[in-house]
Amino acid sequence: MPYIQSSIPSLSGAGSPELPEITEPGTVVILATGGTIVGVGKSGKSTGYASGVLPVQSLVASVPDLNRVAPLAILQLTNLNSDDITSKDWIGLARVINTLAENRLVAGFVITHGTDTMDETAYFLNLTVKTDKPVVLTGSMRPTTAISPDGPENLYEAVTVAADPSSRGHGVMVVFSGKIISARSIRKVHTSDVDTMSGGEMGCMGIVTDSTILFYAESSKRHTLRSEFDVSGRTELPKVTVLYFHTDADPELLKAAAALSEGIVIAGAGAGEYSKPYLEALRALRLPVVISSRTGDGIILQSAVLSSGTVAANNLPPQKAAVLLRVALTKTKDFGELVRIFGEY
Ligand code: ASP
């Protein structure tokens, strides 16, 4: 069965996926990758379940009148816990979207995805899909077998946003708990709350309630059609390691990470700070190093990094600074260029 694929091999390899036939104008394509939204556990419980179990068709069937919002085309790409999604899967997913976006009958896309790494996949797609058609990620915090699963409503709202012409041109978005949040700002901020998806201090772009969609804000950062990145010729991304600074953090780990990776992201304390031994070890490294913050919000200015020669992550959290660095390294290792890229995206 196609939905049991453990990755997206037919997309990330040489072959092409079996794309759904699209016959009606305004079609929303649902691309399923797994997550709690199709998870199964003990009846009535919200924990101790398995993520990525049911085929997405059964989720779609559980949402009343979903096919009245828009004609639907469904493609089950894989069925994973999102912690098992790889950069190969990202590239495969971007390829499917870029191919189907050329079909004039397609209005937009909904990607069902686990919440754990949804922010990373969303930001990767924001940098690499070449369309202004809405690309919307959604998921859920409670499995299908919980007393009150949040997946069906999130899916309904995601399809509503993806089908609507007013959603075009905003870049990749996450729709969750009635909020529309840009892929640039989104991050998961709570281990169990159904309102776990947040844009942090950048807030949300808009709201969706039943069939009403209202946009209030835009991300001014480059995305989709204005992005310079094209990873379509690759099968995976350069390896980048994220290191979390903490009291007594061992600088030897910097050397180990440098030996294993093409770039490093530091999750620094406060405004991207770290100890003197860390600073010394960092200065000896000869690979791109990006400085982010473990605080969860706020900016790191290029003019204020502790070690010149390191790149400020702007206000990207560590895991998303890693996504941008991996994509950027497909183009350049030049320090000045990396500084420009972290300012513009
Ligand atoms: N571990 C799950 C996943 O990311 C969590 C979720 O979907 O909410 O696939």
# chains A, B, ... in the order shown; residues from 1 in each chain; ligands from 1
>>> select_by_dssp(residues="region 166-334 of chain A", states="strand (DSSP E)", output="ChimeraX atom specification")
/A:173-176,179-182,187-188,197-198,206-209,212-215,240-244,263-268,289-293,311-312
>>> write_last_selection(atoms="N, CA, C and O atoms", output="compact mmCIF listing (two decimals), in the first residue's frame")
# COMPACT_ATOMS: atom_id res chain seq x y z
N MET A 173 2.49 28.55 4.85
CA MET A 173 1.80 28.89 6.11
C MET A 173 1.51 27.62 6.91
O MET A 173 1.42 26.53 6.34
N VAL A 174 1.33 27.81 8.21
CA VAL A 174 0.81 26.74 9.06
C VAL A 174 -0.55 27.19 9.56
O VAL A 174 -0.70 28.34 10.00
N VAL A 175 -1.54 26.33 9.43
CA VAL A 175 -2.88 26.62 9.98
C VAL A 175 -3.11 25.66 11.13
O VAL A 175 -3.04 24.43 10.96
N PHE A 176 -3.37 26.21 12.30
CA PHE A 176 -3.46 25.39 13.51
C PHE A 176 -4.29 26.14 14.55
O PHE A 176 -4.05 27.33 14.78
N LYS A 179 -5.46 29.64 13.77
CA LYS A 179 -4.50 30.69 13.43
C LYS A 179 -3.79 30.37 12.12
O LYS A 179 -3.53 29.20 11.82
N ILE A 180 -3.46 31.41 11.38
CA ILE A 180 -2.63 31.27 10.17
C ILE A 180 -1.28 31.90 10.52
O ILE A 180 -1.22 33.10 10.81
N ILE A 181 -0.22 31.09 10.51
CA ILE A 181 1.09 31.59 10.95
C ILE A 181 2.10 31.36 9.83
O ILE A 181 2.10 30.31 9.17
N SER A 182 2.95 32.34 9.59
CA SER A 182 3.91 32.21 8.48
C SER A 182 4.96 31.15 8.81
O SER A 182 5.34 30.97 9.98
N ARG A 187 6.81 28.12 15.28
CA ARG A 187 7.57 27.14 16.06
C ARG A 187 6.62 26.47 17.03
O ARG A 187 5.58 27.02 17.38
N LYS A 188 6.99 25.25 17.44
CA LYS A 188 6.19 24.52 18.42
C LYS A 188 6.64 24.95 19.80
O LYS A 188 7.84 24.87 20.12
N MET A 197 1.23 25.74 18.38
CA MET A 197 1.92 26.39 17.27
C MET A 197 1.85 27.90 17.43
O MET A 197 0.77 28.49 17.50
N SER A 198 3.04 28.54 17.45
CA SER A 198 3.09 29.96 17.75
C SER A 198 4.05 30.67 16.81
O SER A 198 5.04 30.09 16.37
N GLY A 206 -2.93 35.73 10.32
CA GLY A 206 -4.37 35.85 10.17
C GLY A 206 -5.11 34.80 10.96
O GLY A 206 -4.50 34.02 11.71
N ILE A 207 -6.43 34.80 10.79
CA ILE A 207 -7.24 33.81 11.49
C ILE A 207 -8.20 33.15 10.50
O ILE A 207 -8.52 33.72 9.45
N VAL A 208 -8.64 31.95 10.85
CA VAL A 208 -9.65 31.25 10.05
C VAL A 208 -10.67 30.68 11.02
O VAL A 208 -10.33 30.03 12.00
N THR A 209 -11.94 31.01 10.75
CA THR A 209 -13.04 30.50 11.57
C THR A 209 -14.11 30.04 10.62
O THR A 209 -14.62 30.85 9.84
N THR A 212 -14.56 31.75 7.20
CA THR A 212 -14.06 33.13 7.17
C THR A 212 -12.54 33.14 7.35
O THR A 212 -12.02 32.56 8.30
N ILE A 213 -11.87 33.82 6.42
CA ILE A 213 -10.40 33.95 6.50
C ILE A 213 -10.07 35.42 6.53
O ILE A 213 -10.53 36.19 5.68
N LEU A 214 -9.26 35.83 7.50
CA LEU A 214 -8.86 37.24 7.57
C LEU A 214 -7.34 37.31 7.72
O LEU A 214 -6.79 36.70 8.64
N PHE A 215 -6.69 38.03 6.81
CA PHE A 215 -5.24 38.23 6.91
C PHE A 215 -4.96 39.62 7.48
O PHE A 215 -5.60 40.60 7.07
N VAL A 240 24.41 19.87 8.88
CA VAL A 240 24.67 20.94 9.84
C VAL A 240 24.34 20.41 11.22
O VAL A 240 23.35 19.69 11.40
N THR A 241 25.17 20.74 12.21
CA THR A 241 24.93 20.29 13.58
C THR A 241 24.56 21.48 14.46
O THR A 241 25.20 22.53 14.38
N VAL A 242 23.54 21.28 15.29
CA VAL A 242 23.14 22.31 16.25
C VAL A 242 23.71 21.93 17.61
O VAL A 242 23.52 20.81 18.09
N LEU A 243 24.44 22.86 18.24
CA LEU A 243 24.99 22.62 19.58
C LEU A 243 24.34 23.57 20.58
O LEU A 243 24.30 24.78 20.34
N TYR A 244 23.89 23.03 21.69
CA TYR A 244 23.17 23.80 22.70
C TYR A 244 24.16 24.21 23.78
O TYR A 244 24.73 23.36 24.47
N GLY A 263 28.58 22.76 8.55
CA GLY A 263 28.28 24.01 9.24
C GLY A 263 27.76 23.70 10.63
O GLY A 263 27.33 22.58 10.91
N ILE A 264 27.84 24.72 11.52
CA ILE A 264 27.39 24.54 12.90
C ILE A 264 26.45 25.68 13.24
O ILE A 264 26.67 26.83 12.83
N VAL A 265 25.40 25.36 14.00
CA VAL A 265 24.53 26.39 14.59
C VAL A 265 24.68 26.26 16.09
O VAL A 265 24.55 25.16 16.65
N ILE A 266 24.98 27.39 16.74
CA ILE A 266 25.04 27.39 18.20
C ILE A 266 23.72 27.93 18.74
O ILE A 266 23.28 29.01 18.32
N ALA A 267 23.11 27.19 19.67
CA ALA A 267 21.98 27.74 20.42
C ALA A 267 22.59 28.39 21.66
O ALA A 267 22.82 27.74 22.68
N GLY A 268 22.92 29.66 21.53
CA GLY A 268 23.64 30.35 22.59
C GLY A 268 22.70 30.78 23.72
O GLY A 268 21.49 30.76 23.57
N VAL A 289 29.73 29.12 10.98
CA VAL A 289 29.07 28.97 12.28
C VAL A 289 28.01 30.06 12.41
O VAL A 289 28.30 31.25 12.20
N VAL A 290 26.80 29.65 12.73
CA VAL A 290 25.68 30.58 12.90
C VAL A 290 25.31 30.63 14.37
O VAL A 290 25.25 29.59 15.04
N ILE A 291 25.07 31.85 14.87
CA ILE A 291 24.77 32.02 16.29
C ILE A 291 23.29 32.37 16.46
O ILE A 291 22.81 33.40 15.98
N SER A 292 22.57 31.48 17.16
CA SER A 292 21.15 31.73 17.47
C SER A 292 21.01 31.76 18.99
O SER A 292 22.00 31.71 19.72
N SER A 293 19.78 31.85 19.44
CA SER A 293 19.55 31.93 20.88
C SER A 293 18.67 30.80 21.37
O SER A 293 17.70 30.43 20.71
N VAL A 311 28.05 34.06 12.01
CA VAL A 311 26.89 34.69 11.36
C VAL A 311 25.73 34.75 12.35
O VAL A 311 25.38 33.72 12.95
N ALA A 312 25.11 35.93 12.50
CA ALA A 312 23.96 36.06 13.40
C ALA A 312 22.72 35.43 12.76
O ALA A 312 22.46 35.63 11.57
>>> residues_around(residues="Arg142 (chain A)", least_positions_apart="3", cutoff="8 Å", atoms="only C-alpha atoms", output="ChimeraX atom specification")
/A:36-37,39,46-47,145-146,148-151,194
>>> residues_around(residues="region 158-170 of chain A", least_positions_apart="5", cutoff="6 Å", atoms="only C-alpha atoms", output="PyMOL selection string")
chain A and resi 107-109+132-134+175
>>> write_last_selection(atoms="C-alpha atoms", output="mmCIF file, in the first residue's frame")
data_model
loop_
_atom_site.group_PDB
_atom_site.id
_atom_site.type_symbol
_atom_site.label_atom_id
_atom_site.label_comp_id
_atom_site.auth_asym_id
_atom_site.auth_seq_id
_atom_site.Cartn_x
_atom_site.Cartn_y
_atom_site.Cartn_z
ATOM 1 C CA ALA A 107 -5.750 26.011 -6.249
ATOM 2 C CA GLY A 108 -3.443 25.120 -3.355
ATOM 3 C CA PHE A 109 -1.874 22.491 -1.128
ATOM 4 C CA ASP A 132 2.442 31.726 -5.106
ATOM 5 C CA LYS A 133 -0.388 29.203 -4.655
ATOM 6 C CA PRO A 134 -1.132 28.613 -0.965
ATOM 7 C CA VAL A 175 -2.878 26.616 9.980
#
>>> residues_near_ligand(ligand="ligand 1", cutoff="8 Å", atoms="only C-alpha atoms and all ligand atoms", output="NGL selection string")
:A and (34-37 or 39 or 51-52 or 80-83 or 113-118 or 139-142)
>>> write_last_selection(atoms="N, CA, C and O atoms", output="PDB file, in the first residue's frame")
ATOM      1  N   GLY A  34       2.031  11.979   7.576  1.00  0.00           N
ATOM      2  CA  GLY A  34       1.934  11.274   8.862  1.00  0.00           C
ATOM      3  C   GLY A  34       1.638  12.206  10.012  1.00  0.00           C
ATOM      4  O   GLY A  34       0.981  13.227   9.842  1.00  0.00           O
ATOM      5  N   GLY A  35       2.115  11.866  11.219  1.00  0.00           N
ATOM      6  CA  GLY A  35       1.898  12.708  12.398  1.00  0.00           C
ATOM      7  C   GLY A  35       0.759  12.217  13.277  1.00  0.00           C
ATOM      8  O   GLY A  35       0.061  11.242  12.969  1.00  0.00           O
ATOM      9  N   THR A  36       0.564  12.918  14.368  1.00  0.00           N
ATOM     10  CA  THR A  36      -0.493  12.596  15.331  1.00  0.00           C
ATOM     11  C   THR A  36      -1.874  12.734  14.716  1.00  0.00           C
ATOM     12  O   THR A  36      -2.829  12.091  15.154  1.00  0.00           O
ATOM     13  N   ILE A  37      -1.995  13.560  13.702  1.00  0.00           N
ATOM     14  CA  ILE A  37      -3.298  13.780  13.069  1.00  0.00           C
ATOM     15  C   ILE A  37      -3.857  12.465  12.503  1.00  0.00           C
ATOM     16  O   ILE A  37      -5.063  12.331  12.345  1.00  0.00           O
ATOM     17  N   GLY A  39      -2.674   9.568  14.083  1.00  0.00           N
ATOM     18  CA  GLY A  39      -2.155   8.674  15.119  1.00  0.00           C
ATOM     19  C   GLY A  39      -3.264   7.860  15.779  1.00  0.00           C
ATOM     20  O   GLY A  39      -4.431   8.252  15.774  1.00  0.00           O
ATOM     21  N   SER A  51       2.189   7.665  16.287  1.00  0.00           N
ATOM     22  CA  SER A  51       1.986   8.725  15.288  1.00  0.00           C
ATOM     23  C   SER A  51       2.077   8.114  13.884  1.00  0.00           C
ATOM     24  O   SER A  51       2.821   7.167  13.668  1.00  0.00           O
ATOM     25  N   GLY A  52       1.324   8.645  12.918  1.00  0.00           N
ATOM     26  CA  GLY A  52       1.450   8.192  11.534  1.00  0.00           C
ATOM     27  C   GLY A  52       0.998   6.759  11.327  1.00  0.00           C
ATOM     28  O   GLY A  52       1.780   5.891  10.931  1.00  0.00           O
ATOM     29  N   LEU A  80       4.785   8.980   8.608  1.00  0.00           N
ATOM     30  CA  LEU A  80       5.867   8.994   9.589  1.00  0.00           C
ATOM     31  C   LEU A  80       5.527   9.837  10.806  1.00  0.00           C
ATOM     32  O   LEU A  80       4.752  10.791  10.724  1.00  0.00           O
ATOM     33  N   ASN A  81       6.158   9.485  11.925  1.00  0.00           N
ATOM     34  CA  ASN A  81       6.325  10.423  13.019  1.00  0.00           C
ATOM     35  C   ASN A  81       7.252  11.500  12.447  1.00  0.00           C
ATOM     36  O   ASN A  81       8.259  11.167  11.813  1.00  0.00           O
ATOM     37  N   SER A  82       6.949  12.770  12.643  1.00  0.00           N
ATOM     38  CA  SER A  82       7.735  13.792  11.932  1.00  0.00           C
ATOM     39  C   SER A  82       9.189  13.851  12.381  1.00  0.00           C
ATOM     40  O   SER A  82      10.024  14.446  11.696  1.00  0.00           O
ATOM     41  N   ASP A  83       9.524  13.234  13.508  1.00  0.00           N
ATOM     42  CA  ASP A  83      10.932  13.185  13.923  1.00  0.00           C
ATOM     43  C   ASP A  83      11.758  12.318  12.965  1.00  0.00           C
ATOM     44  O   ASP A  83      12.992  12.372  12.976  1.00  0.00           O
ATOM     45  N   HIS A 113       1.136  16.747   8.640  1.00  0.00           N
ATOM     46  CA  HIS A 113       2.524  16.572   9.107  1.00  0.00           C
ATOM     47  C   HIS A 113       2.517  16.526  10.623  1.00  0.00           C
ATOM     48  O   HIS A 113       1.715  17.210  11.272  1.00  0.00           O
ATOM     49  N   GLY A 114       3.413  15.780  11.226  1.00  0.00           N
ATOM     50  CA  GLY A 114       3.566  15.811  12.679  1.00  0.00           C
ATOM     51  C   GLY A 114       3.987  17.192  13.146  1.00  0.00           C
ATOM     52  O   GLY A 114       4.641  17.937  12.413  1.00  0.00           O
ATOM     53  N   THR A 115       3.606  17.528  14.377  1.00  0.00           N
ATOM     54  CA  THR A 115       3.899  18.882  14.867  1.00  0.00           C
ATOM     55  C   THR A 115       5.348  19.060  15.318  1.00  0.00           C
ATOM     56  O   THR A 115       5.843  20.180  15.357  1.00  0.00           O
ATOM     57  N   ASP A 116       6.030  17.945  15.663  1.00  0.00           N
ATOM     58  CA  ASP A 116       7.368  18.080  16.261  1.00  0.00           C
ATOM     59  C   ASP A 116       8.330  18.865  15.372  1.00  0.00           C
ATOM     60  O   ASP A 116       9.084  19.711  15.843  1.00  0.00           O
ATOM     61  N   THR A 117       8.348  18.545  14.093  1.00  0.00           N
ATOM     62  CA  THR A 117       9.305  19.206  13.181  1.00  0.00           C
ATOM     63  C   THR A 117       8.585  19.988  12.075  1.00  0.00           C
ATOM     64  O   THR A 117       9.193  20.318  11.054  1.00  0.00           O
ATOM     65  N   MET A 118       7.300  20.270  12.305  1.00  0.00           N
ATOM     66  CA  MET A 118       6.524  20.993  11.278  1.00  0.00           C
ATOM     67  C   MET A 118       7.159  22.348  10.947  1.00  0.00           C
ATOM     68  O   MET A 118       7.146  22.794   9.790  1.00  0.00           O
ATOM     69  N   GLY A 139      -1.602  19.804  11.318  1.00  0.00           N
ATOM     70  CA  GLY A 139      -1.432  18.542  12.044  1.00  0.00           C
ATOM     71  C   GLY A 139      -2.343  18.567  13.248  1.00  0.00           C
ATOM     72  O   GLY A 139      -3.352  19.285  13.255  1.00  0.00           O
ATOM     73  N   SER A 140      -1.991  17.836  14.261  1.00  0.00           N
ATOM     74  CA  SER A 140      -2.813  17.868  15.480  1.00  0.00           C
ATOM     75  C   SER A 140      -1.960  17.463  16.667  1.00  0.00           C
ATOM     76  O   SER A 140      -0.885  16.876  16.511  1.00  0.00           O
ATOM     77  N   MET A 141      -2.450  17.781  17.838  1.00  0.00           N
ATOM     78  CA  MET A 141      -1.760  17.402  19.071  1.00  0.00           C
ATOM     79  C   MET A 141      -2.371  16.151  19.680  1.00  0.00           C
ATOM     80  O   MET A 141      -1.753  15.482  20.491  1.00  0.00           O
ATOM     81  N   ARG A 142      -3.624  15.866  19.317  1.00  0.00           N
ATOM     82  CA  ARG A 142      -4.285  14.686  19.876  1.00  0.00           C
ATOM     83  C   ARG A 142      -4.541  13.671  18.766  1.00  0.00           C
ATOM     84  O   ARG A 142      -4.950  14.046  17.666  1.00  0.00           O
TER      85      ARG A 142
END
>>> select_by_dssp(residues="region 135-302 of chain A", states="alpha helix (DSSP H)", output="number ranges by chain")
A: 151-163, 252-260, 276-283
>>> closest_residue(among="A:Ala304, A:Val323, A:Ala259, A:Leu77", to="Leu287 (chain A)", atoms="only C-alpha atoms")
A:Ala259
>>> residues_around(residues="Val40 (chain A)", least_positions_apart="4", cutoff="6 Å", atoms="only C-alpha atoms", output="tab-separated table (two decimals) with N, CA and C atoms, in the first residue's frame")
chain	number	residue	atom	x	y	z
A	49	TYR	N	0.33	7.08	22.31
A	49	TYR	CA	-0.22	6.61	21.04
A	49	TYR	C	0.90	6.50	20.00
A	50	ALA	N	0.59	5.91	18.86
A	50	ALA	CA	1.57	5.87	17.77
A	50	ALA	C	1.18	6.91	16.72
A	143	PRO	N	-4.35	12.39	19.08
A	143	PRO	CA	-4.56	11.36	18.04
A	143	PRO	C	-6.04	11.18	17.72
A	144	THR	N	-6.30	10.44	16.66
A	144	THR	CA	-7.69	10.22	16.21
A	144	THR	C	-8.53	9.52	17.27
A	145	THR	N	-7.87	8.80	18.19
A	145	THR	CA	-8.60	8.01	19.20
A	145	THR	C	-8.80	8.76	20.52
>>> atom_distance(atom1="CA of Val339 (chain A)", atom2="CA of Asp89 (chain A)")
27.4 Å
>>> closest_residue(among="A:Glu262, A:Asp248, A:Glu153, A:Glu21", to="Leu59 (chain A)", atoms="only C-alpha atoms")
A:Glu153
>>> closest_residue(among="A:Leu282, A:Val38, A:Val69, A:Val327", to="Asn126 (chain A)", atoms="only C-alpha atoms")
A:Val327
>>> residues_around(residues="Arg326 (chain A)", least_positions_apart="2", cutoff="7 Å", atoms="only C-alpha atoms", output="PDB file with C-alpha atoms, in the first residue's frame")
ATOM      1  CA  LEU A 237      21.087  18.774   2.078  1.00  0.00           C
ATOM      2  CA  PRO A 238      24.536  19.497   3.532  1.00  0.00           C
ATOM      3  CA  LYS A 239      24.893  18.301   7.111  1.00  0.00           C
ATOM      4  CA  VAL A 240      24.669  20.941   9.836  1.00  0.00           C
ATOM      5  CA  ALA A 322      19.943  25.094  10.696  1.00  0.00           C
ATOM      6  CA  VAL A 323      17.392  24.788   7.868  1.00  0.00           C
ATOM      7  CA  LEU A 324      18.489  28.099   6.342  1.00  0.00           C
ATOM      8  CA  ALA A 328      22.351  28.336   1.918  1.00  0.00           C
ATOM      9  CA  LEU A 329      25.318  25.942   1.891  1.00  0.00           C
ATOM     10  CA  THR A 330      23.971  24.438  -1.358  1.00  0.00           C
TER      11      THR A 330
END
>>> residues_around(residues="Glu228 (chain A)", least_positions_apart="6", cutoff="9 Å", atoms="only C-alpha atoms", output="list in words")
Leu127, Thr128 and Arg222 of chain A
>>> closest_residue(among="A:Ile299, A:Leu93, A:Ile147, A:Val110", to="Phe124 (chain A)", atoms="only C-alpha atoms")
A:Leu93
>>> closest_residue(among="A:Thr112, A:Asn314, A:Ser62, A:Thr86", to="Lys221 (chain A)", atoms="only C-alpha atoms")
A:Asn314
>>> residues_around(residues="Thr131 (chain A)", least_positions_apart="6", cutoff="10 Å", atoms="only C-alpha atoms", output="compact mmCIF listing (two decimals) with N, CA, C and O atoms, in the first residue's frame")
# COMPACT_ATOMS: atom_id res chain seq x y z
N ILE A 97 5.27 19.45 -4.99
CA ILE A 97 4.52 20.71 -4.99
C ILE A 97 4.87 21.52 -6.25
O ILE A 97 3.97 22.02 -6.94
N ASN A 98 6.15 21.63 -6.57
CA ASN A 98 6.54 22.42 -7.73
C ASN A 98 5.97 21.84 -9.03
O ASN A 98 5.59 22.58 -9.93
N THR A 99 5.85 20.52 -9.10
CA THR A 99 5.29 19.89 -10.30
C THR A 99 3.78 20.14 -10.39
O THR A 99 3.27 20.61 -11.41
N LEU A 100 3.07 19.87 -9.28
CA LEU A 100 1.61 20.01 -9.31
C LEU A 100 1.17 21.47 -9.39
O LEU A 100 0.09 21.77 -9.90
N ALA A 101 1.99 22.38 -8.88
CA ALA A 101 1.62 23.81 -8.89
C ALA A 101 1.49 24.33 -10.31
O ALA A 101 0.79 25.32 -10.56
N GLU A 102 2.14 23.65 -11.27
CA GLU A 102 2.04 24.09 -12.66
C GLU A 102 0.68 23.77 -13.27
O GLU A 102 0.32 24.31 -14.30
N GLY A 108 -4.39 25.04 -4.48
CA GLY A 108 -3.44 25.12 -3.36
C GLY A 108 -3.16 23.75 -2.77
O GLY A 108 -3.68 22.73 -3.27
N ARG A 168 -3.21 33.48 -1.55
CA ARG A 168 -2.05 33.41 -2.47
C ARG A 168 -0.99 34.45 -2.12
O ARG A 168 -1.31 35.55 -1.67
N GLY A 169 0.26 34.07 -2.34
CA GLY A 169 1.35 35.03 -2.26
C GLY A 169 1.87 35.33 -0.86
O GLY A 169 2.71 36.20 -0.69
N GLY A 171 3.46 33.15 1.02
CA GLY A 171 4.50 32.18 1.39
C GLY A 171 3.85 30.98 2.04
O GLY A 171 2.61 30.89 2.17
N VAL A 172 4.67 30.05 2.47
CA VAL A 172 4.16 28.82 3.10
C VAL A 172 3.60 29.19 4.49
O VAL A 172 4.16 30.05 5.18
N HIS A 223 10.66 34.72 0.23
CA HIS A 223 10.13 33.35 0.25
C HIS A 223 9.65 32.95 -1.15
O HIS A 223 9.51 33.81 -2.02
N THR A 224 9.38 31.70 -1.33
CA THR A 224 8.79 31.09 -2.54
C THR A 224 9.31 31.74 -3.84
O THR A 224 10.47 31.57 -4.17
N LEU A 225 8.46 32.51 -4.55
CA LEU A 225 8.87 33.01 -5.87
C LEU A 225 10.03 33.99 -5.79
O LEU A 225 10.75 34.19 -6.76
N ARG A 226 10.25 34.60 -4.61
CA ARG A 226 11.36 35.57 -4.47
C ARG A 226 12.59 34.91 -3.84
O ARG A 226 13.58 35.59 -3.57
>>> atom_distance(atom1="CA of Gly270 (chain A)", atom2="CA of Ser87 (chain A)")
29.1 Å
>>> closest_residue(among="A:Thr27, A:Thr310, A:Asn154, A:Thr138", to="Arg68 (chain A)", atoms="only C-alpha atoms")
A:Thr27
